[in-house]
Protein chains: 2
Amino acid sequence: MRIAVVAPSCTLDRAAAARLEAMVVERGDCDLRIHPQCFLSDGHFAGPDTERLRALREVMADPAVDAVWFARGGYGSNRIAEAAASDLPEAARAKTYLGYSDAGFLHAGFDKAGLKAVWGPMPQDLLRADGEAAAGRALDWLVSGSPQALEPGLDGPAMAFNLTVLSNLLGTPLEPDFSGVDLLLEDVGEHHYRLDRTMFHLTASPNIRRVRQIRLGRVSEIPANQPEFGAGDHDIVRDWCRRSRIAFGGIADIGHDSANKVVPFR
Amino acid sequence: MRIAVVAPSCTLDRAAAARLEAMVVERGDCDLRIHPQCFLSDGHFAGPDTERLRALREVMADPAVDAVWFARGGYGSNRIAEAAASDLPEAARAKTYLGYSDAGFLHAGFDKAGLKAVWGPMPQDLLRADGEAAAGRALDWLVSGSPQALEPGLDGPAMAFNLTVLSNLLGTPLEPDFSGVDLLLEDVGEHHYRLDRTMFHLTASPNIRRVRQIRLGRVSEIPANQPEFGAGDHDIVRDWCRRSRIAFGGIADIGHDSANKVVPFR
């Protein structure tokens, strides 16, 4: 199992990279290649769009790479996602693409293009408390398909997204077909009024209304609303599901934290 | 000129209402009716959806009302906008609907339904420094169609929106036809990375790509980006216009401030 790490969004922290390399040496069950592009910096991004796209296309086209692991989220993969999913080399189809959060833009476009997108922990998670459990879970799944790594409620086709990222890709060329899937959502750092507004936007989509059900993961670091919003994150999601006649399937074990589980798309 | 004030989003401050009433007495050129619903409070909102919708529908249906003035923005008009724009009473078509920011959800749905939406200052602006200039500009335009109140670059069909609000109504039943209009945008309190992400979303829309041009108003209270984003608000908007082959028409004299000008839709 050869795993290539690239950073389509923000720069990977060198401390996280070092910890990951140490973990992989200790495990001894896979070959890790952290692409030098991960450490580039250009304003907000891990290098200019051209460099981030080049590194991603390079590992996608490499037949020796079994899995592409997105180094971290942040913001920026949307700027290269359409180009990354175009004119696909054959080797791109034989591998897995793992990450979450901002990587949702790539997941969406890649899923639409027939590639294997997977929601799960990323190398930068090693900076979190208990981050080795998160990164180890991702590696367990990549290396041996460990069922313990999987989100426990999966019982059919599923997709997982950060709610705000998903809202921002609806109507773009990246939007995949949501028919019949369990749609798992989570978010971080958004006010209640924003969650409500984003759920309004999301659930108005005829494509989203074709999901089998929506399940809600953890919504963390919600800034204080003034005045009190008057409803919690689960109330908000349930309410918009009800208004749009989408089934609400309860909780999902995903989030911006070290307990974040793996959700293979489809 | 009878002006009815209702609050489809958040609660109107009583101090702003008192200042407005004093202004109108002093001017003596119009009849102002601040609907009691403006002072309701239900969590984030100026009363429950049912009450906000009832007050709005009431003044829309009243043939004695010439203009409906939205008390303030905040968040919440999206929750009642589709219902407000449905089964329109005849009297609703003979009046003007004035506001900005969150009122964009109503403006969009009303414009789509053939009603006369107008971007401009709102009663709550009276709490801003120099807020009487803003409210006075709106009244000058409502009462006498003062050309000094208008955004100075208008030379054809135009629409004005808060960028984030507009992004959140694309793909919903509220989305109007943007063909051939000058689209004036502004925003407040959004990080550079969010502005960039929202412009990605906006400019991917085939409907938005049919505008004559985009012009950018003031983007205020931008929180610090870490690291520095690497581009300013105008760079960001110009860049996405270039990527999506939308003409960029320069600045617009609108924003979340007392200098905000009036933009009649169409």
# chains A, B, ... in the order shown; residues from 1 in each chain; ligands from 1

$ select_by_dssp --residues "stretch 16-104 of chain A" --states "strand (DSSP E or B)" --output "VMD selection string"
chain A and resid 31 to 34 42 45 67 to 70 96 to 99

$ interface_residues --of "chain A" --to "chain B" --cutoff "6 Å" --atoms "only C-alpha atoms" --output "MDAnalysis selection string"
chainID A and resid 43:44 168 172 201 204 227:230

$ write_last_selection --atoms "all heavy atoms" --output "compact mmCIF listing (two decimals), in the first residue's frame"
# COMPACT_ATOMS: atom_id res chain seq x y z
N GLY A 43 0.26 32.80 0.34
CA GLY A 43 -0.88 33.40 1.03
C GLY A 43 -1.60 32.32 1.82
O GLY A 43 -0.99 31.57 2.58
N HIS A 44 -2.89 32.18 1.57
CA HIS A 44 -3.72 31.22 2.31
C HIS A 44 -3.41 29.76 1.96
O HIS A 44 -3.74 28.85 2.72
CB HIS A 44 -5.18 31.52 1.96
CG HIS A 44 -6.19 30.79 2.78
ND1 HIS A 44 -6.72 31.31 3.93
CD2 HIS A 44 -6.78 29.58 2.61
CE1 HIS A 44 -7.58 30.45 4.44
NE2 HIS A 44 -7.65 29.40 3.66
N ASN A 168 -21.64 25.34 -0.79
CA ASN A 168 -20.87 26.14 -1.74
C ASN A 168 -20.54 25.42 -3.05
O ASN A 168 -19.99 26.04 -3.96
CB ASN A 168 -19.58 26.64 -1.09
CG ASN A 168 -19.80 27.93 -0.32
OD1 ASN A 168 -19.95 28.99 -0.91
ND2 ASN A 168 -19.87 27.83 1.00
N THR A 172 -22.46 24.10 -8.98
CA THR A 172 -21.18 24.19 -9.69
C THR A 172 -20.95 22.90 -10.48
O THR A 172 -21.66 21.91 -10.28
CB THR A 172 -20.01 24.38 -8.71
OG1 THR A 172 -19.73 23.13 -8.07
CG2 THR A 172 -20.33 25.43 -7.64
N HIS A 201 -30.62 26.61 2.17
CA HIS A 201 -30.05 26.53 0.83
C HIS A 201 -29.94 25.08 0.36
O HIS A 201 -30.34 24.71 -0.74
CB HIS A 201 -28.67 27.20 0.81
CG HIS A 201 -28.02 27.22 -0.52
ND1 HIS A 201 -26.78 26.67 -0.76
CD2 HIS A 201 -28.44 27.71 -1.71
CE1 HIS A 201 -26.48 26.84 -2.04
NE2 HIS A 201 -27.45 27.46 -2.64
N ALA A 204 -33.27 23.09 -0.31
CA ALA A 204 -34.07 23.56 -1.45
C ALA A 204 -33.65 22.86 -2.74
O ALA A 204 -34.37 22.92 -3.74
CB ALA A 204 -33.91 25.07 -1.62
N PRO A 227 -29.33 37.69 19.56
CA PRO A 227 -29.70 36.97 20.80
C PRO A 227 -29.59 35.46 20.59
O PRO A 227 -29.29 35.01 19.51
CB PRO A 227 -31.16 37.38 21.00
CG PRO A 227 -31.67 37.60 19.60
CD PRO A 227 -30.51 38.17 18.84
N GLU A 228 -29.82 34.71 21.67
CA GLU A 228 -29.89 33.24 21.56
C GLU A 228 -30.72 32.86 20.35
O GLU A 228 -31.81 33.40 20.15
CB GLU A 228 -30.55 32.65 22.81
CG GLU A 228 -29.63 32.40 23.97
CD GLU A 228 -28.75 31.17 23.75
OE1 GLU A 228 -29.26 30.13 23.30
OE2 GLU A 228 -27.53 31.28 24.03
N PHE A 229 -30.23 31.92 19.55
CA PHE A 229 -30.94 31.60 18.32
C PHE A 229 -32.32 31.02 18.59
O PHE A 229 -33.29 31.32 17.88
CB PHE A 229 -30.12 30.63 17.47
CG PHE A 229 -30.74 30.40 16.13
CD1 PHE A 229 -30.67 31.38 15.15
CD2 PHE A 229 -31.42 29.22 15.85
CE1 PHE A 229 -31.27 31.19 13.91
CE2 PHE A 229 -32.02 29.03 14.61
CZ PHE A 229 -31.94 30.01 13.64
N GLY A 230 -32.38 30.15 19.61
CA GLY A 230 -33.69 29.57 19.94
C GLY A 230 -33.85 28.14 19.49
O GLY A 230 -34.93 27.56 19.68

$ select_by_dssp --residues "stretch 111-144 of chain B" --states "alpha helix (DSSP H)" --output "list in words"
Asp111, Lys112, Gly131, Glu132, Ala133, Ala134, Ala135, Gly136, Arg137, Ala138, Leu139, Asp140, Trp141, Leu142, Val143 and Ser144 of chain B

$ closest_residue --among "A:Phe248, A:Trp119, A:Phe105, A:Trp141" --to "A:Thr164" --atoms "only C-alpha atoms"
A:Phe105

$ residues_around --residues "B:Ala16" --least-positions-apart "3" --cutoff "8 Å" --atoms "only C-alpha atoms" --output "PyMOL selection string"
chain B and resi 12-13+19-20+123-127

$ write_last_selection --atoms "N, CA, C and O atoms" --output "compact mmCIF listing (two decimals), in the first residue's frame"
# COMPACT_ATOMS: atom_id res chain seq x y z
N LEU B 12 -36.72 45.14 15.32
CA LEU B 12 -36.33 46.54 15.19
C LEU B 12 -36.07 47.13 16.58
O LEU B 12 -36.84 46.91 17.51
N ASP B 13 -34.97 47.85 16.70
CA ASP B 13 -34.66 48.52 17.95
C ASP B 13 -35.63 49.68 18.18
O ASP B 13 -35.90 50.46 17.26
N ARG B 19 -36.54 57.40 16.52
CA ARG B 19 -35.85 58.39 15.69
C ARG B 19 -36.52 58.53 14.33
O ARG B 19 -36.65 59.62 13.80
N LEU B 20 -36.95 57.40 13.80
CA LEU B 20 -37.61 57.44 12.50
C LEU B 20 -38.92 58.21 12.57
O LEU B 20 -39.23 59.04 11.70
N PRO B 123 -34.73 51.37 8.41
CA PRO B 123 -34.89 52.07 9.70
C PRO B 123 -33.79 51.78 10.73
O PRO B 123 -33.31 52.68 11.40
N GLN B 124 -33.37 50.52 10.85
CA GLN B 124 -32.35 50.19 11.86
C GLN B 124 -31.04 50.92 11.60
O GLN B 124 -30.23 51.10 12.52
N ASP B 125 -30.82 51.39 10.38
CA ASP B 125 -29.61 52.16 10.08
C ASP B 125 -29.53 53.44 10.90
O ASP B 125 -28.45 54.05 10.99
N LEU B 126 -30.65 53.86 11.48
CA LEU B 126 -30.63 55.07 12.32
C LEU B 126 -29.75 54.90 13.54
O LEU B 126 -29.38 55.89 14.18
N LEU B 127 -29.38 53.66 13.88
CA LEU B 127 -28.44 53.46 14.99
C LEU B 127 -26.99 53.64 14.56
O LEU B 127 -26.09 53.66 15.39

$ residues_around --residues "A:Ala259" --least-positions-apart "6" --cutoff "8 Å" --atoms "only C-alpha atoms" --output "ChimeraX atom specification"
/A:133-134,253

$ closest_atom_pairs --of "stretch 231-265 of chain B" --to "stretch 209-217 of chain B" --cutoff "10 Å" --atoms "only C-alpha atoms" --output "JSON lines"
{"residue": "B:Asp233", "atom": "CA", "partner": "B:Leu216", "partner_atom": "CA", "distance": 8.8}
{"residue": "B:His234", "atom": "CA", "partner": "B:Leu216", "partner_atom": "CA", "distance": 7.3}
{"residue": "B:Val237", "atom": "CA", "partner": "B:Leu216", "partner_atom": "CA", "distance": 7.6}
{"residue": "B:Arg238", "atom": "CA", "partner": "B:Ile214", "partner_atom": "CA", "distance": 9.0}
{"residue": "B:Cys241", "atom": "CA", "partner": "B:Ile214", "partner_atom": "CA", "distance": 7.8}
{"residue": "B:Ser244", "atom": "CA", "partner": "B:Arg209", "partner_atom": "CA", "distance": 7.2}
{"residue": "B:Arg245", "atom": "CA", "partner": "B:Arg209", "partner_atom": "CA", "distance": 7.6}
{"residue": "B:Ile246", "atom": "CA", "partner": "B:Arg209", "partner_atom": "CA", "distance": 6.0}
{"residue": "B:Ala247", "atom": "CA", "partner": "B:Gln213", "partner_atom": "CA", "distance": 4.6}
{"residue": "B:Phe248", "atom": "CA", "partner": "B:Ile214", "partner_atom": "CA", "distance": 5.1}
{"residue": "B:Gly249", "atom": "CA", "partner": "B:Arg215", "partner_atom": "CA", "distance": 4.9}
{"residue": "B:Gly250", "atom": "CA", "partner": "B:Arg215", "partner_atom": "CA", "distance": 5.1}
{"residue": "B:Ile251", "atom": "CA", "partner": "B:Leu216", "partner_atom": "CA", "distance": 4.7}
{"residue": "B:Ala252", "atom": "CA", "partner": "B:Gly217", "partner_atom": "CA", "distance": 4.2}
{"residue": "B:Asp253", "atom": "CA", "partner": "B:Gly217", "partner_atom": "CA", "distance": 5.5}
{"residue": "B:Ile254", "atom": "CA", "partner": "B:Gly217", "partner_atom": "CA", "distance": 4.9}
{"residue": "B:Gly255", "atom": "CA", "partner": "B:Gly217", "partner_atom": "CA", "distance": 5.8}
{"residue": "B:His256", "atom": "CA", "partner": "B:Gly217", "partner_atom": "CA", "distance": 9.3}
{"residue": "B:Asn260", "atom": "CA", "partner": "B:Gly217", "partner_atom": "CA", "distance": 9.0}

$ atom_distance --atom1 "atom CA of B:Asp87" --atom2 "atom CA of B:Phe178"
23.0 Å

$ atom_distance --atom1 "atom CA of A:Phe110" --atom2 "atom CA of A:Leu88"
9.9 Å

$ residues_around --residues "A:Leu139" --least-positions-apart "2" --cutoff "12 Å" --atoms "only C-alpha atoms" --output "number ranges by chain"
A: 1-3, 20-21, 23-24, 27-32, 67-69, 98-99, 120-123, 132-137, 141-146, 148-150, 261-262

$ closest_residue --among "A:Pro48, A:Leu163, A:Glu175, A:Ile80" --to "A:Lys112" --atoms "only C-alpha atoms"
A:Glu175

$ atom_distance --atom1 "atom CA of A:Ala129" --atom2 "atom CA of A:Ala15"
13.7 Å
